[in-house]
Amino acid sequence: MALNNSTIVPLLQPTAPPTMSLADWTHSMKRSVLREMLAVVARPGILSFAGGLPAPELFPTADYAEAVAHVLATDPGALQYGPPYAPLKAHVVELMARRGVTCREEQIFLTTGAQQGLNIAARLFLNPGGQVILEELVYTGIQQVVAPYRPQILTVPTNLDEGMDVDAVEAHLLAGTRPAFIYAIPEAHNPLGVSISPERQARLAELARRYQVPLVEDDPYGFLCYDGTVGPPMRALDDDWVIYVGSFSKLLAPALRLGWMVVSEALVPKLTVVKEAYDLETSAFVQRTVSAYLDAGYLPGHLAMLCREYGMRRDAMLAALYRYFPAEARWTRPASGMFVWVELPAGFNTAELLHTAVEREKVAFIPGQAFNALAAAGQPDGHSVASRCMRLNFSNCTPELIEEGIARLGALLQ
C-alpha cells in the first residue's frame with residue numbers, strides 16, 4: 001500500500017506521557033546554573049569565565065596515553081570488575097603526605113569523582129529533615145547533594161580575608177543544634193576563592209571534635225597553589241571527625257571521574273555499602289591507568305606546570321580587573337584554585353547582566369545568586385549582596401583571552 005502524509009503523520013505524533021508519582025523533593029528540583037551554563041558556553045564565539053574547567057591544552061594526554069597503553073598490554077583485569085586497586089591507594093597516601101596528612105591505605109576510600117564522595121557522606125550522615133551547616137554562599141554541588149533530604153540549612157557567613165566565620169559555627173552549636181555535618185572548602189573556596197586561615201581551621205576541627213559533628217572537608221584545589229605552598233588540610237588535625245574529600249579532576253582531567261576520601265577505618269564498610277548502591281565500584285580501568293601514570297613519576301612535574309600556568313592566568317585576570325572594572329568594585333585574590341569572586345557596586349544585578357554579556361559581548365560568567373544556599377533550598381534569604389556578585393574562572397582561558405574578556409565585561413559595566 002502506498003503511504004501518504006495522512007498515514008505517516010499520525011504515526012509520528014507523540015503520545016501523552018504517563019502520569020507518574022515522583023518523590024516529593026523532585027517538585028522543587030532545579031538543574032544547577034553551572035550545568036546549564038555548559039550549553040551556553042558551548043555556543044560558537046562565547047568566551048567563558050563560567051565553568052570551573054581546567055585548561056584542556058594542559059591535560060597530560062601523551063603521558064596518560066602511555067599509561068593506558070601499558071595497562072591494556074599488561075593487565076587484562078583492568079577491564080573486569082574488581083576491588084579497589086591497592087597500588088592506587090598507596091599513591092593517594094603519598095599524595096596526602098604532600099598535603100601534610102599522615103594516613104594509611106586502610107583509610108583511603110576511592111570514589112567516582114569528588115562529587116560522589118560528597119553524596120556518599122550526605123547519605124551516610126543526613127536524615128530527611130535533618131540539619132546541615134553550610135556557608136551562605138557555597139558550591140552548588142553540595143546544595144544538590146543535600147536537596148533530596150529537605151534539610152534545615154544553618155548558614156554562616158564567610159569573611160573574604162579569613163574564610164568561614166567559625167564564631168557563627170560555634171554559635172549554632174552552643175544553641176543546641178546538632179547538624180548531621182559541617183561542610184567546608186578550606187582551600188580556594190568555590191565560589192569565593194578565599195582560604196580559611198590556619199587559626200580558623202584549627203578551631204573548626206576542634207569544634208567538630210568537641211561537639212562530635214562530622215566535618216566534611218572538600219579539597220579539590222589544594223594542590224594548585226600560586227603563592228608558595230598552602231597549609232595542611234583540616235584532616236591533618238583530626239583523624240576521627242574530619243572526612244576529607246579529594247579529586248584527580250583538577251590534577252589530571254575531569255573526565256576520569258576519580259576521587260578519594262580519607263576517613264576513619266571504621267567508616268569504610270559503611271561507605272562501601274552506600275557506594276555499591278550508586279555504581280557498584282569505581283572504574284577498575286581508570287584506577288589502574290591513573291596508578292600507572294603515577295608509577296611513571298609524571299605527576300610532580302605536571303603539578304608544577306599547572307601551578308605556573310594557572311598562576312599566570314590568575315595574575316592576568318587580577319590585572320585586567322584592575323584596569324577595566326569600576327573603581328568601586330572589589331574582588332578576591334585567590335592563593336590557589338580557579339576562581340575570583342567579584343562584588344560590584346550597589347545597583348548592579350549580575351543575573352540580569354549575564355544575558356546582555358552573553359548576547360552582546362559574547363562573554364559568560366556565573367551570577368553570584370547561583371551559590372546562595374538558602375535561596376536554593378527555598379528558605380528565607382536575606383543575603384542580597386550575592387545578586388550583585390559574579391564568579392569568574394581563570395583556568396580555562398589564556399592570558400590573552402582573559403584580557404579580552406574582562407575588557408568586554410568592563411565596557412559593559414561602565
# chains A, B, ... in the order shown; residues from 1 in each chain; ligands from 1
>>> closest_atom_pairs(of="range 246-333 of chain A", to="range 234-238 of chain A", cutoff="10 Å", atoms="only C-alpha atoms", output="JSON lines")
{"residue": "A:Val262", "atom": "CA", "partner": "A:Arg235", "partner_atom": "CA", "distance": 8.0}
{"residue": "A:Val263", "atom": "CA", "partner": "A:Arg235", "partner_atom": "CA", "distance": 8.8}
{"residue": "A:Ser264", "atom": "CA", "partner": "A:Asp238", "partner_atom": "CA", "distance": 9.8}
>>> write_last_selection(atoms="N, CA and C atoms", output="mmCIF file, in the first residue's frame")
data_model
loop_
_atom_site.group_PDB
_atom_site.id
_atom_site.type_symbol
_atom_site.label_atom_id
_atom_site.label_comp_id
_atom_site.auth_asym_id
_atom_site.auth_seq_id
_atom_site.Cartn_x
_atom_site.Cartn_y
_atom_site.Cartn_z
ATOM 1 N N VAL A 262 39.365 10.329 52.708
ATOM 2 C CA VAL A 262 40.193 9.860 53.814
ATOM 3 C C VAL A 262 39.311 9.895 55.053
ATOM 4 N N VAL A 263 39.097 8.724 55.638
ATOM 5 C CA VAL A 263 38.141 8.586 56.744
ATOM 6 C C VAL A 263 38.747 7.678 57.806
ATOM 7 N N SER A 264 38.071 7.598 58.944
ATOM 8 C CA SER A 264 38.487 6.615 59.934
ATOM 9 C C SER A 264 38.193 5.225 59.375
#
>>> closest_residue(among="A:Thr140, A:Thr356, A:Gln131, A:Gln414", to="Ala329 in chain A", atoms="only C-alpha atoms")
A:Gln414
>>> residues_around(residues="range 142-153 of chain A", least_positions_apart="3", cutoff="7 Å", atoms="only C-alpha atoms", output="PDB file with N, CA and C atoms, in the first residue's frame")
ATOM      1  N   TRP A  25      10.470  15.628  46.939  1.00  0.00           N
ATOM      2  CA  TRP A  25      11.545  16.612  46.814  1.00  0.00           C
ATOM      3  C   TRP A  25      11.787  17.011  45.364  1.00  0.00           C
ATOM      4  N   ASN A 119      28.251  12.995  48.005  1.00  0.00           N
ATOM      5  CA  ASN A 119      26.956  12.334  48.018  1.00  0.00           C
ATOM      6  C   ASN A 119      26.930  11.175  49.008  1.00  0.00           C
ATOM      7  N   ALA A 122      26.774  12.561  52.562  1.00  0.00           N
ATOM      8  CA  ALA A 122      25.433  13.028  52.916  1.00  0.00           C
ATOM      9  C   ALA A 122      24.516  11.855  53.204  1.00  0.00           C
ATOM     10  N   ASN A 127      19.820  12.558  57.860  1.00  0.00           N
ATOM     11  CA  ASN A 127      18.450  12.047  57.841  1.00  0.00           C
ATOM     12  C   ASN A 127      17.523  13.046  57.153  1.00  0.00           C
ATOM     13  N   PRO A 128      16.413  12.579  56.563  1.00  0.00           N
ATOM     14  CA  PRO A 128      15.439  13.527  56.000  1.00  0.00           C
ATOM     15  C   PRO A 128      15.002  14.538  57.051  1.00  0.00           C
ATOM     16  N   GLY A 129      15.027  15.819  56.670  1.00  0.00           N
ATOM     17  CA  GLY A 129      14.634  16.877  57.598  1.00  0.00           C
ATOM     18  C   GLY A 129      15.696  17.241  58.607  1.00  0.00           C
ATOM     19  N   GLY A 130      16.894  16.652  58.494  1.00  0.00           N
ATOM     20  CA  GLY A 130      17.962  16.965  59.437  1.00  0.00           C
ATOM     21  C   GLY A 130      18.571  18.334  59.174  1.00  0.00           C
ATOM     22  N   GLN A 131      19.635  18.617  59.883  1.00  0.00           N
ATOM     23  CA  GLN A 131      20.289  19.925  59.778  1.00  0.00           C
ATOM     24  C   GLN A 131      21.701  19.777  59.212  1.00  0.00           C
ATOM     25  N   VAL A 132      22.112  20.762  58.438  1.00  0.00           N
ATOM     26  CA  VAL A 132      23.494  20.837  57.968  1.00  0.00           C
ATOM     27  C   VAL A 132      23.962  22.282  58.093  1.00  0.00           C
ATOM     28  N   ILE A 133      25.243  22.460  58.330  1.00  0.00           N
ATOM     29  CA  ILE A 133      25.832  23.800  58.366  1.00  0.00           C
ATOM     30  C   ILE A 133      26.585  24.028  57.060  1.00  0.00           C
ATOM     31  N   LEU A 134      26.148  25.057  56.327  1.00  0.00           N
ATOM     32  CA  LEU A 134      26.786  25.472  55.083  1.00  0.00           C
ATOM     33  C   LEU A 134      27.070  26.960  55.157  1.00  0.00           C
ATOM     34  N   TYR A 139      29.333  26.139  47.142  1.00  0.00           N
ATOM     35  CA  TYR A 139      29.368  25.309  45.942  1.00  0.00           C
ATOM     36  C   TYR A 139      27.994  24.700  45.657  1.00  0.00           C
ATOM     37  N   ALA A 373      22.886  29.505  49.293  1.00  0.00           N
ATOM     38  CA  ALA A 373      22.412  28.236  49.851  1.00  0.00           C
ATOM     39  C   ALA A 373      20.959  28.304  50.305  1.00  0.00           C
ATOM     40  N   LEU A 374      20.562  29.393  50.954  1.00  0.00           N
ATOM     41  CA  LEU A 374      19.194  29.498  51.448  1.00  0.00           C
ATOM     42  C   LEU A 374      18.199  29.636  50.302  1.00  0.00           C
TER      43      LEU A 374
END
>>> select_by_dssp(residues="range 228-385 of chain A", states="alpha helix (DSSP H)", output="number ranges by chain")
A: 268-279, 284-295, 299-324, 350-356, 373-376
>>> closest_atom_pairs(of="range 124-243 of chain A", to="range 384-400 of chain A", cutoff="12 Å", atoms="only C-alpha atoms", output="tab-separated table")
residue	atom	partner	partner_atom	distance
A:Glu136	CA	A:Ala386	CA	9.5
A:Leu137	CA	A:Ala386	CA	7.9
A:Val138	CA	A:Ala386	CA	11.1
A:Tyr139	CA	A:Arg391	CA	11.1
A:Pro157	CA	A:Val385	CA	11.8
A:His189	CA	A:Arg391	CA	11.2
A:Asn190	CA	A:Arg391	CA	8.8
A:Pro191	CA	A:Arg391	CA	6.1
A:Leu192	CA	A:Arg391	CA	7.3
A:Gly193	CA	A:Arg391	CA	8.9
A:Tyr221	CA	A:Ser395	CA	11.8
A:Leu224	CA	A:Ser395	CA	10.7
>>> write_last_selection(atoms="C-alpha atoms", output="PDB file, in the first residue's frame")
ATOM      1  CA  GLU A 136      25.746  31.408  52.908  1.00  0.00           C
ATOM      2  CA  LEU A 137      27.473  31.276  49.540  1.00  0.00           C
ATOM      3  CA  VAL A 138      28.554  27.758  48.734  1.00  0.00           C
ATOM      4  CA  TYR A 139      29.368  25.309  45.942  1.00  0.00           C
ATOM      5  CA  PRO A 157      28.882  33.976  56.642  1.00  0.00           C
ATOM      6  CA  HIS A 189      36.698  28.264  48.259  1.00  0.00           C
ATOM      7  CA  ASN A 190      34.224  27.727  45.466  1.00  0.00           C
ATOM      8  CA  PRO A 191      32.867  30.294  44.588  1.00  0.00           C
ATOM      9  CA  LEU A 192      34.685  32.879  46.713  1.00  0.00           C
ATOM     10  CA  GLY A 193      38.308  31.932  46.038  1.00  0.00           C
ATOM     11  CA  TYR A 221      42.085  22.660  44.708  1.00  0.00           C
ATOM     12  CA  LEU A 224      47.005  24.141  42.890  1.00  0.00           C
TER      13      LEU A 224
END
>>> residues_around(residues="Val71 in chain A", least_positions_apart="5", cutoff="9 Å", atoms="only C-alpha atoms", output="ChimeraX atom specification")
/A:66,76,78,285,288-289,292
